[in-house]
Amino acid sequence: MCGILAVIGKADVDEVKRLSKRMSHRGPDESGIHQTTDGSVMSHERLSIIDLSTGRQPIQGTDTAWVMHNGEIYNHIRLRENELSDHSFRTTCDSEVIVHLYEKFGYEFCNMLDGVFVFVLIDGDKFMAARDPIGVKPLYYGHDKAGRMYIASEMKSLADQCEEFKAFPPGYYYTPETGFVKYYQPEWLDHNYTTGPADLTKLRQGLMDATKKRLMSDVPLGVLLSGGLDSSLIASITSRYTKDSGQELHSFSVGLNPDAPDLVAARKVAKFIGTTHHEVFFTIEQGLAELEKVIWHLETYDVTTIRAATPMYFLSKYITDMGVKVVMSGEGADEIFGGYLYFHNAPSDEEYQKEVIRRVGLLSTADCLRADKATMAHGLEARVPFLDRNFLDVVMPFQPQDKRPDRNTGRPEKYILRKAFEDKDNPFLPDEILWRQKEQFGDGVGYSWIDGVIDYCKSKVTDEAFAQAAKLFPHNTPDTKEAFYFRRAFEQHFPQESSVKSVLKWIPKWQKNTDPSGRVADAHVQKVEDIQKK
């Protein structure tokens with residue numbers, strides 16, 4: 001994974017280097033820069049994962065085209081051997097297939113890529129930018145007073161340069177000739193489209209395949225293990241695939257103390273699947289001290305994202321200090337399967353399905369943003385098998401009545417995911433983990449974390465200041481002192497109107513309050529004691 005910055009139009013190389021270094025945390029291994037014949041500049045901060053020796057970017061194609069890419073292309077070897085078998089390659093880096101696909105097929109090749117990506121490609125006076133289907137990797141674009149276009153992995157590299165800017169939409173590519181083109185249009189975007197009853201065999205195999213392809217790495221790999229269903233399944237599948245190789249698999253959990261709900265559960269999972277397990281502890285005081293730095297990295301003021309990202313920030317530092325560069329993670333399952341506890345309150349199958357599709361479409365503004373920026377703050381790459389495009393094509397069209405939870409009948413959230421991996425002969429997980437209730441990450445590290453953040457923010461925001469919230473912040477006006485504090489800290493770093501409007505707030509539907517913490521939902525019943533007893 002990496003950070004990219006492109007300035008389209010005559011630009012000063014030294015100035016672009018300076019702006020690019022604002023996100024050097026994304027690529028601590030090496031930097032690359034290229035100025036095109038028309039004066040445009042491409043700058044790349046590299047985290048070396050594939051092809052450690054020759055994969056420096058930007059990468060030149062066969063002739064005049066150059067590309068730089070953040071992400072992983074999991075089918076790059078198959079593309080080299082088939083569609084691009086007539087091309088000669090300069091590197092073994094997965095990124096290079098992008099420029100060759102452009103040379104052979106023009107702009108219409110993004111659907112041929114199986115992976116996560118943002119890229120910028122320049123070929124003489126032509127250029128192209130694109131973002132992966134779900135927006136796993138971040139990207140922003142804007143224009144300055146001189147009319148130059150900026151494209152960057154993080155807004156900190158362009159915010160004070162552009163008159164206005166926005167998040168680059170997931171599933172689109174852009175060229176000056178075509179404007180924005182939506183290349184990713186799966187049938188399941190229509191909430192009425194269904195392939196019928198849930199096929200648990202296809203579900204299980206689809207997730208295993210999605211995990212296996214993400215083991216591609218030339219550097220040490222680990223697993224994030226919160227002890228919840230999603231990360232535990234990914235860790236278990238990863239463990240099965242790595243055991244035969246003799247590779248030691250490290251798992252990582254974070255919490256306030258050994259009795260935190262997530263740590264208790266993760267400990268059980270690690271023992272069950274046989275990983276070398278690491279527990280990372282942080283104090284409320286340490287978390288509070290890092291809040292503003294976390295906000296700077298995240299580039300958001302969303303309460304849910306900041307609450308959950310702060311523990312992840314500490315965990316990521318520990319992992320990279322160990323020398324691990326890649327981790328598997330469980331983001332996306334709650335959106336795909338309607339796993340948040342508020343989904344219990346969906347008024348109908350149709351509304352449930354609409355909300356699932358909406359949540360998947362918003363992943364780039366929430367969980368994907370958090371997972372990328374909290375880990376990349378320390379140069380760590382998080383891979384997310386649940387968001388594999390092939391897996392989405394399998395599970396998203398299942399009829400909603402099979403996926404929807406029902407507390408009246410005791411049917412838990414993510415029921416079909418649990419059933420697909422219920423294997424009595426060769427179990428993936430202990431039953432108490434496979435059927436553990438959803439615990440949002442900000443809660444699972446220890447309930448006193450969120451309580452501590454709320455109390456701290458109340459002490460830092462006076463009643464008089466909070467009374468001015470609507471006047472000070474007319475867009476997305478904070479409705480709590482916690483939200484007010486986060487917003488104020490955000491605008492100290494990113495005061496631009498475009499920065500403020502780039503943020504979407506994570507708000508649950510169909511419940512009496514708008515607090516994003518899962519433990520305030522009516523359906524929240526399971527406690528850590530339930531796990532310890534089993």
# chains A, B, ... in the order shown; residues from 1 in each chain; ligands from 1

call {"tool": "residues_around", "arguments": {"residues": "range 231-241 of chain A", "least_positions_apart": "4", "cutoff": "9 Å", "atoms": "only C-alpha atoms", "output": "PDB file with N, CA, C and O atoms, in the first residue's frame"}}
result
ATOM      1  N   LEU A 207     -15.988 -16.886   0.632  1.00  0.00           N
ATOM      2  CA  LEU A 207     -15.171 -16.166   1.612  1.00  0.00           C
ATOM      3  C   LEU A 207     -13.795 -16.813   1.750  1.00  0.00           C
ATOM      4  O   LEU A 207     -12.794 -16.106   1.921  1.00  0.00           O
ATOM      5  N   MET A 208     -13.732 -18.110   1.654  1.00  0.00           N
ATOM      6  CA  MET A 208     -12.432 -18.780   1.723  1.00  0.00           C
ATOM      7  C   MET A 208     -11.557 -18.403   0.528  1.00  0.00           C
ATOM      8  O   MET A 208     -10.361 -18.148   0.665  1.00  0.00           O
ATOM      9  N   THR A 211     -10.291 -14.844   0.945  1.00  0.00           N
ATOM     10  CA  THR A 211      -9.210 -14.770   1.924  1.00  0.00           C
ATOM     11  C   THR A 211      -7.913 -15.312   1.344  1.00  0.00           C
ATOM     12  O   THR A 211      -6.842 -14.701   1.495  1.00  0.00           O
ATOM     13  N   LYS A 212      -8.008 -16.437   0.660  1.00  0.00           N
ATOM     14  CA  LYS A 212      -6.806 -17.071   0.119  1.00  0.00           C
ATOM     15  C   LYS A 212      -6.051 -16.152  -0.843  1.00  0.00           C
ATOM     16  O   LYS A 212      -4.817 -16.049  -0.779  1.00  0.00           O
ATOM     17  N   LEU A 215      -3.637 -13.566   0.630  1.00  0.00           N
ATOM     18  CA  LEU A 215      -2.405 -13.988   1.300  1.00  0.00           C
ATOM     19  C   LEU A 215      -1.175 -13.665   0.470  1.00  0.00           C
ATOM     20  O   LEU A 215      -0.047 -13.882   0.907  1.00  0.00           O
ATOM     21  N   GLY A 222      -0.013 -10.899   9.204  1.00  0.00           N
ATOM     22  CA  GLY A 222      -0.683 -11.260  10.443  1.00  0.00           C
ATOM     23  C   GLY A 222      -2.185 -11.106  10.302  1.00  0.00           C
ATOM     24  O   GLY A 222      -2.703 -10.815   9.211  1.00  0.00           O
ATOM     25  N   VAL A 223      -2.913 -11.292  11.417  1.00  0.00           N
ATOM     26  CA  VAL A 223      -4.363 -11.129  11.406  1.00  0.00           C
ATOM     27  C   VAL A 223      -4.782 -10.243  12.569  1.00  0.00           C
ATOM     28  O   VAL A 223      -4.265 -10.367  13.680  1.00  0.00           O
ATOM     29  N   LEU A 224      -5.706  -9.310  12.299  1.00  0.00           N
ATOM     30  CA  LEU A 224      -6.347  -8.555  13.361  1.00  0.00           C
ATOM     31  C   LEU A 224      -7.440  -9.428  13.951  1.00  0.00           C
ATOM     32  O   LEU A 224      -8.262  -9.980  13.224  1.00  0.00           O
ATOM     33  N   LEU A 225      -7.473  -9.545  15.269  1.00  0.00           N
ATOM     34  CA  LEU A 225      -8.396 -10.466  15.915  1.00  0.00           C
ATOM     35  C   LEU A 225      -9.102  -9.772  17.077  1.00  0.00           C
ATOM     36  O   LEU A 225      -8.574  -9.693  18.183  1.00  0.00           O
ATOM     37  N   SER A 226     -10.292  -9.258  16.802  1.00  0.00           N
ATOM     38  CA  SER A 226     -11.050  -8.598  17.861  1.00  0.00           C
ATOM     39  C   SER A 226     -11.790  -9.597  18.736  1.00  0.00           C
ATOM     40  O   SER A 226     -12.207  -9.268  19.850  1.00  0.00           O
ATOM     41  N   GLY A 227     -11.973 -10.815  18.246  1.00  0.00           N
ATOM     42  CA  GLY A 227     -12.768 -11.788  18.972  1.00  0.00           C
ATOM     43  C   GLY A 227     -14.223 -11.789  18.552  1.00  0.00           C
ATOM     44  O   GLY A 227     -15.009 -12.615  19.004  1.00  0.00           O
ATOM     45  N   SER A 245       2.058 -24.276   5.080  1.00  0.00           N
ATOM     46  CA  SER A 245       3.308 -23.643   4.637  1.00  0.00           C
ATOM     47  C   SER A 245       4.355 -23.621   5.737  1.00  0.00           C
ATOM     48  O   SER A 245       5.522 -23.293   5.478  1.00  0.00           O
ATOM     49  N   LEU A 249       1.783 -17.798  12.161  1.00  0.00           N
ATOM     50  CA  LEU A 249       0.785 -16.751  11.993  1.00  0.00           C
ATOM     51  C   LEU A 249       0.586 -16.020  13.310  1.00  0.00           C
ATOM     52  O   LEU A 249       0.263 -16.628  14.336  1.00  0.00           O
ATOM     53  N   SER A 251      -1.455 -13.211  15.571  1.00  0.00           N
ATOM     54  CA  SER A 251      -2.738 -12.520  15.710  1.00  0.00           C
ATOM     55  C   SER A 251      -2.592 -11.408  16.741  1.00  0.00           C
ATOM     56  O   SER A 251      -1.788 -11.513  17.673  1.00  0.00           O
ATOM     57  N   ALA A 266     -11.029 -12.933  21.939  1.00  0.00           N
ATOM     58  CA  ALA A 266      -9.899 -13.160  21.033  1.00  0.00           C
ATOM     59  C   ALA A 266      -8.929 -14.193  21.587  1.00  0.00           C
ATOM     60  O   ALA A 266      -8.349 -14.985  20.836  1.00  0.00           O
ATOM     61  N   VAL A 269     -10.207 -17.550  20.718  1.00  0.00           N
ATOM     62  CA  VAL A 269     -10.055 -17.853  19.288  1.00  0.00           C
ATOM     63  C   VAL A 269      -8.612 -18.202  18.969  1.00  0.00           C
ATOM     64  O   VAL A 269      -8.329 -19.190  18.267  1.00  0.00           O
ATOM     65  N   ALA A 270      -7.669 -17.403  19.450  1.00  0.00           N
ATOM     66  CA  ALA A 270      -6.249 -17.623  19.156  1.00  0.00           C
ATOM     67  C   ALA A 270      -5.805 -19.003  19.619  1.00  0.00           C
ATOM     68  O   ALA A 270      -5.078 -19.716  18.913  1.00  0.00           O
ATOM     69  N   PHE A 272      -7.739 -21.581  20.004  1.00  0.00           N
ATOM     70  CA  PHE A 272      -8.469 -22.578  19.216  1.00  0.00           C
ATOM     71  C   PHE A 272      -7.851 -22.788  17.846  1.00  0.00           C
ATOM     72  O   PHE A 272      -7.748 -23.925  17.362  1.00  0.00           O
ATOM     73  N   ILE A 273      -7.424 -21.701  17.190  1.00  0.00           N
ATOM     74  CA  ILE A 273      -6.900 -21.820  15.819  1.00  0.00           C
ATOM     75  C   ILE A 273      -5.378 -21.911  15.778  1.00  0.00           C
ATOM     76  O   ILE A 273      -4.799 -22.134  14.714  1.00  0.00           O
ATOM     77  N   GLY A 274      -4.718 -21.704  16.927  1.00  0.00           N
ATOM     78  CA  GLY A 274      -3.283 -21.938  17.013  1.00  0.00           C
ATOM     79  C   GLY A 274      -2.388 -20.826  16.518  1.00  0.00           C
ATOM     80  O   GLY A 274      -1.293 -21.095  16.000  1.00  0.00           O
ATOM     81  N   THR A 275      -2.805 -19.581  16.684  1.00  0.00           N
ATOM     82  CA  THR A 275      -1.929 -18.465  16.300  1.00  0.00           C
ATOM     83  C   THR A 275      -1.007 -18.075  17.450  1.00  0.00           C
ATOM     84  O   THR A 275      -1.284 -18.376  18.620  1.00  0.00           O
ATOM     85  N   MET A 328      -4.742  -9.222   7.901  1.00  0.00           N
ATOM     86  CA  MET A 328      -6.088  -9.527   7.424  1.00  0.00           C
ATOM     87  C   MET A 328      -7.088  -8.962   8.421  1.00  0.00           C
ATOM     88  O   MET A 328      -6.867  -9.013   9.636  1.00  0.00           O
ATOM     89  N   SER A 329      -8.216  -8.442   7.910  1.00  0.00           N
ATOM     90  CA  SER A 329      -9.184  -7.797   8.788  1.00  0.00           C
ATOM     91  C   SER A 329     -10.608  -8.152   8.348  1.00  0.00           C
ATOM     92  O   SER A 329     -10.827  -8.614   7.226  1.00  0.00           O
ATOM     93  N   GLY A 330     -11.578  -7.912   9.237  1.00  0.00           N
ATOM     94  CA  GLY A 330     -12.941  -8.361   8.996  1.00  0.00           C
ATOM     95  C   GLY A 330     -13.934  -7.288   8.604  1.00  0.00           C
ATOM     96  O   GLY A 330     -15.150  -7.518   8.670  1.00  0.00           O
ATOM     97  N   GLU A 331     -13.450  -6.114   8.182  1.00  0.00           N
ATOM     98  CA  GLU A 331     -14.372  -5.041   7.807  1.00  0.00           C
ATOM     99  C   GLU A 331     -15.305  -5.457   6.675  1.00  0.00           C
ATOM    100  O   GLU A 331     -14.927  -6.197   5.777  1.00  0.00           O
ATOM    101  N   VAL A 384      -9.111  -6.823   3.324  1.00  0.00           N
ATOM    102  CA  VAL A 384     -10.494  -7.030   3.749  1.00  0.00           C
ATOM    103  C   VAL A 384     -11.208  -8.027   2.823  1.00  0.00           C
ATOM    104  O   VAL A 384     -11.877  -7.644   1.867  1.00  0.00           O
ATOM    105  N   PRO A 385     -11.128  -9.324   3.123  1.00  0.00           N
ATOM    106  CA  PRO A 385     -11.724 -10.345   2.246  1.00  0.00           C
ATOM    107  C   PRO A 385     -13.232 -10.212   2.061  1.00  0.00           C
ATOM    108  O   PRO A 385     -13.751 -10.559   0.989  1.00  0.00           O
ATOM    109  N   PHE A 386     -13.962  -9.736   3.074  1.00  0.00           N
ATOM    110  CA  PHE A 386     -15.410  -9.629   2.932  1.00  0.00           C
ATOM    111  C   PHE A 386     -15.800  -8.697   1.777  1.00  0.00           C
ATOM    112  O   PHE A 386     -16.904  -8.802   1.244  1.00  0.00           O
ATOM    113  N   PHE A 421     -20.473 -21.424   8.349  1.00  0.00           N
ATOM    114  CA  PHE A 421     -19.205 -21.850   8.937  1.00  0.00           C
ATOM    115  C   PHE A 421     -19.407 -22.697  10.199  1.00  0.00           C
ATOM    116  O   PHE A 421     -18.478 -22.889  10.970  1.00  0.00           O
ATOM    117  N   PHE A 428     -14.525 -24.262  12.610  1.00  0.00           N
ATOM    118  CA  PHE A 428     -13.700 -23.084  12.373  1.00  0.00           C
ATOM    119  C   PHE A 428     -13.478 -22.296  13.666  1.00  0.00           C
ATOM    120  O   PHE A 428     -12.411 -21.718  13.869  1.00  0.00           O
ATOM    121  N   LEU A 429     -14.506 -22.282  14.527  1.00  0.00           N
ATOM    122  CA  LEU A 429     -14.462 -21.476  15.752  1.00  0.00           C
ATOM    123  C   LEU A 429     -15.212 -22.194  16.868  1.00  0.00           C
ATOM    124  O   LEU A 429     -16.089 -23.020  16.610  1.00  0.00           O
ATOM    125  N   ILE A 433     -18.052 -18.258  20.150  1.00  0.00           N
ATOM    126  CA  ILE A 433     -17.554 -17.175  19.295  1.00  0.00           C
ATOM    127  C   ILE A 433     -18.367 -17.125  18.002  1.00  0.00           C
ATOM    128  O   ILE A 433     -18.766 -16.052  17.533  1.00  0.00           O
ATOM    129  N   LEU A 434     -18.630 -18.289  17.432  1.00  0.00           N
ATOM    130  CA  LEU A 434     -19.412 -18.335  16.191  1.00  0.00           C
ATOM    131  C   LEU A 434     -20.781 -17.696  16.379  1.00  0.00           C
ATOM    132  O   LEU A 434     -21.313 -17.069  15.458  1.00  0.00           O
TER     133      LEU A 434
END

call {"tool": "closest_atom_pairs", "arguments": {"of": "range 12-126 of chain A", "to": "range 294-318 of chain A", "cutoff": "12 Å", "atoms": "only C-alpha atoms", "output": "tab-separated table"}}
result
residue	atom	partner	partner_atom	distance
A:Arg22	CA	A:His297	CA	10.2
A:Met23	CA	A:His297	CA	8.9
A:Ser24	CA	A:His297	CA	11.5
A:His25	CA	A:His297	CA	9.5
A:Arg26	CA	A:His297	CA	10.3

call {"tool": "write_last_selection", "arguments": {"atoms": "all heavy atoms", "output": "PDB file, in the first residue's frame"}}
result
ATOM      1  N   ARG A  22       3.529  14.942   3.198  1.00  0.00           N
ATOM      2  CA  ARG A  22       2.518  15.027   4.263  1.00  0.00           C
ATOM      3  C   ARG A  22       1.883  13.668   4.530  1.00  0.00           C
ATOM      4  O   ARG A  22       1.277  13.465   5.584  1.00  0.00           O
ATOM      5  CB  ARG A  22       1.436  16.034   3.872  1.00  0.00           C
ATOM      6  CG  ARG A  22       1.916  17.475   3.807  1.00  0.00           C
ATOM      7  CD  ARG A  22       0.783  18.403   3.377  1.00  0.00           C
ATOM      8  NE  ARG A  22       1.210  19.795   3.309  1.00  0.00           N
ATOM      9  CZ  ARG A  22       0.448  20.799   2.897  1.00  0.00           C
ATOM     10  NH1 ARG A  22      -0.807  20.547   2.511  1.00  0.00           N
ATOM     11  NH2 ARG A  22       0.902  22.031   2.861  1.00  0.00           N
ATOM     12  N   MET A  23       2.005  12.762   3.591  1.00  0.00           N
ATOM     13  CA  MET A  23       1.471  11.406   3.808  1.00  0.00           C
ATOM     14  C   MET A  23       2.585  10.365   3.660  1.00  0.00           C
ATOM     15  O   MET A  23       2.346   9.239   3.217  1.00  0.00           O
ATOM     16  CB  MET A  23       0.312  11.113   2.851  1.00  0.00           C
ATOM     17  CG  MET A  23       0.593  11.362   1.405  1.00  0.00           C
ATOM     18  SD  MET A  23      -0.863  11.006   0.369  1.00  0.00           S
ATOM     19  CE  MET A  23      -0.187  11.456  -1.242  1.00  0.00           C
ATOM     20  N   SER A  24       3.781  10.714   4.086  1.00  0.00           N
ATOM     21  CA  SER A  24       4.900   9.772   4.006  1.00  0.00           C
ATOM     22  C   SER A  24       4.676   8.550   4.893  1.00  0.00           C
ATOM     23  O   SER A  24       5.294   7.502   4.679  1.00  0.00           O
ATOM     24  CB  SER A  24       6.215  10.465   4.388  1.00  0.00           C
ATOM     25  OG  SER A  24       6.143  10.987   5.706  1.00  0.00           O
ATOM     26  N   HIS A  25       3.789   8.675   5.905  1.00  0.00           N
ATOM     27  CA  HIS A  25       3.469   7.525   6.745  1.00  0.00           C
ATOM     28  C   HIS A  25       2.857   6.388   5.927  1.00  0.00           C
ATOM     29  O   HIS A  25       2.957   5.222   6.317  1.00  0.00           O
ATOM     30  CB  HIS A  25       2.486   7.941   7.848  1.00  0.00           C
ATOM     31  CG  HIS A  25       1.328   8.744   7.351  1.00  0.00           C
ATOM     32  ND1 HIS A  25       1.384  10.114   7.216  1.00  0.00           N
ATOM     33  CD2 HIS A  25       0.086   8.376   6.928  1.00  0.00           C
ATOM     34  CE1 HIS A  25       0.210  10.552   6.736  1.00  0.00           C
ATOM     35  NE2 HIS A  25      -0.583   9.517   6.554  1.00  0.00           N
ATOM     36  N   ARG A  26       2.226   6.722   4.791  1.00  0.00           N
ATOM     37  CA  ARG A  26       1.614   5.684   3.957  1.00  0.00           C
ATOM     38  C   ARG A  26       2.666   4.868   3.208  1.00  0.00           C
ATOM     39  O   ARG A  26       2.394   3.730   2.812  1.00  0.00           O
ATOM     40  CB  ARG A  26       0.653   6.307   2.937  1.00  0.00           C
ATOM     41  CG  ARG A  26      -0.536   7.020   3.536  1.00  0.00           C
ATOM     42  CD  ARG A  26      -1.532   7.403   2.454  1.00  0.00           C
ATOM     43  NE  ARG A  26      -2.134   6.223   1.858  1.00  0.00           N
ATOM     44  CZ  ARG A  26      -3.230   5.619   2.316  1.00  0.00           C
ATOM     45  NH1 ARG A  26      -3.849   6.100   3.385  1.00  0.00           N
ATOM     46  NH2 ARG A  26      -3.711   4.551   1.707  1.00  0.00           N
TER      47      ARG A  26
END

call {"tool": "residues_around", "arguments": {"residues": "Gly379 in chain A", "least_positions_apart": "2", "cutoff": "10 Å", "atoms": "only C-alpha atoms", "output": "list in words"}}
result
Met1, Cys2, Ser24, His25, Arg26, Gly27, Pro28, Asp29, Arg46, Leu47, Ser48, Ser316, Lys317, Ile319, Thr320, Val324, Lys325, Val326, Asp372, Lys373, Ala374, Thr375, Met376, Ala377, Glu381 and Ala382 of chain A

call {"tool": "residues_around", "arguments": {"residues": "Val461 in chain A", "least_positions_apart": "2", "cutoff": "10 Å", "atoms": "only C-alpha atoms", "output": "mmCIF file with N, CA, C and O atoms, in the first residue's frame"}}
result
data_model
loop_
_atom_site.group_PDB
_atom_site.id
_atom_site.type_symbol
_atom_site.label_atom_id
_atom_site.label_comp_id
_atom_site.auth_asym_id
_atom_site.auth_seq_id
_atom_site.Cartn_x
_atom_site.Cartn_y
_atom_site.Cartn_z
ATOM 1 N N TYR A 456 -14.388 13.208 28.859
ATOM 2 C CA TYR A 456 -13.289 14.119 28.535
ATOM 3 C C TYR A 456 -13.771 15.277 27.660
ATOM 4 O O TYR A 456 -13.446 16.444 27.914
ATOM 5 N N CYS A 457 -14.554 14.948 26.642
ATOM 6 C CA CYS A 457 -15.045 15.989 25.738
ATOM 7 C C CYS A 457 -15.987 16.956 26.455
ATOM 8 O O CYS A 457 -15.968 18.165 26.197
ATOM 9 N N LYS A 458 -16.775 16.438 27.376
ATOM 10 C CA LYS A 458 -17.640 17.315 28.163
ATOM 11 C C LYS A 458 -16.821 18.311 28.978
ATOM 12 O O LYS A 458 -17.214 19.471 29.140
ATOM 13 N N SER A 459 -15.667 17.864 29.456
ATOM 14 C CA SER A 459 -14.824 18.756 30.264
ATOM 15 C C SER A 459 -14.109 19.800 29.421
ATOM 16 O O SER A 459 -13.656 20.818 29.944
ATOM 17 N N ASP A 463 -20.589 24.899 28.222
ATOM 18 C CA ASP A 463 -21.993 25.028 27.820
ATOM 19 C C ASP A 463 -22.167 26.211 26.877
ATOM 20 O O ASP A 463 -22.964 26.143 25.930
ATOM 21 N N GLU A 464 -21.421 27.281 27.140
ATOM 22 C CA GLU A 464 -21.529 28.485 26.312
ATOM 23 C C GLU A 464 -21.060 28.202 24.884
ATOM 24 O O GLU A 464 -21.697 28.631 23.905
ATOM 25 N N ALA A 465 -19.951 27.464 24.756
ATOM 26 C CA ALA A 465 -19.444 27.130 23.426
ATOM 27 C C ALA A 465 -20.413 26.201 22.694
ATOM 28 O O ALA A 465 -20.716 26.396 21.519
ATOM 29 N N PHE A 466 -20.937 25.212 23.417
ATOM 30 C CA PHE A 466 -21.840 24.251 22.786
ATOM 31 C C PHE A 466 -23.139 24.911 22.322
ATOM 32 O O PHE A 466 -23.711 24.511 21.308
ATOM 33 N N THR A 480 -23.716 16.663 20.217
ATOM 34 C CA THR A 480 -23.198 16.338 21.546
ATOM 35 C C THR A 480 -21.876 17.066 21.739
ATOM 36 O O THR A 480 -21.235 17.507 20.760
ATOM 37 N N LYS A 481 -21.433 17.174 22.981
ATOM 38 C CA LYS A 481 -20.140 17.817 23.235
ATOM 39 C C LYS A 481 -18.984 16.980 22.686
ATOM 40 O O LYS A 481 -17.956 17.526 22.284
ATOM 41 N N GLU A 482 -19.160 15.675 22.647
ATOM 42 C CA GLU A 482 -18.148 14.816 22.033
ATOM 43 C C GLU A 482 -18.007 15.147 20.555
ATOM 44 O O GLU A 482 -16.887 15.346 20.055
ATOM 45 N N PHE A 484 -18.859 17.897 19.109
ATOM 46 C CA PHE A 484 -18.362 19.273 19.035
ATOM 47 C C PHE A 484 -16.838 19.289 19.166
ATOM 48 O O PHE A 484 -16.140 19.958 18.396
ATOM 49 N N TYR A 485 -16.321 18.552 20.130
ATOM 50 C CA TYR A 485 -14.871 18.518 20.350
ATOM 51 C C TYR A 485 -14.154 17.953 19.128
ATOM 52 O O TYR A 485 -13.136 18.499 18.676
ATOM 53 N N ARG A 488 -14.259 20.509 16.245
ATOM 54 C CA ARG A 488 -13.331 21.625 16.469
ATOM 55 C C ARG A 488 -11.894 21.201 16.196
ATOM 56 O O ARG A 488 -11.115 21.936 15.571
#
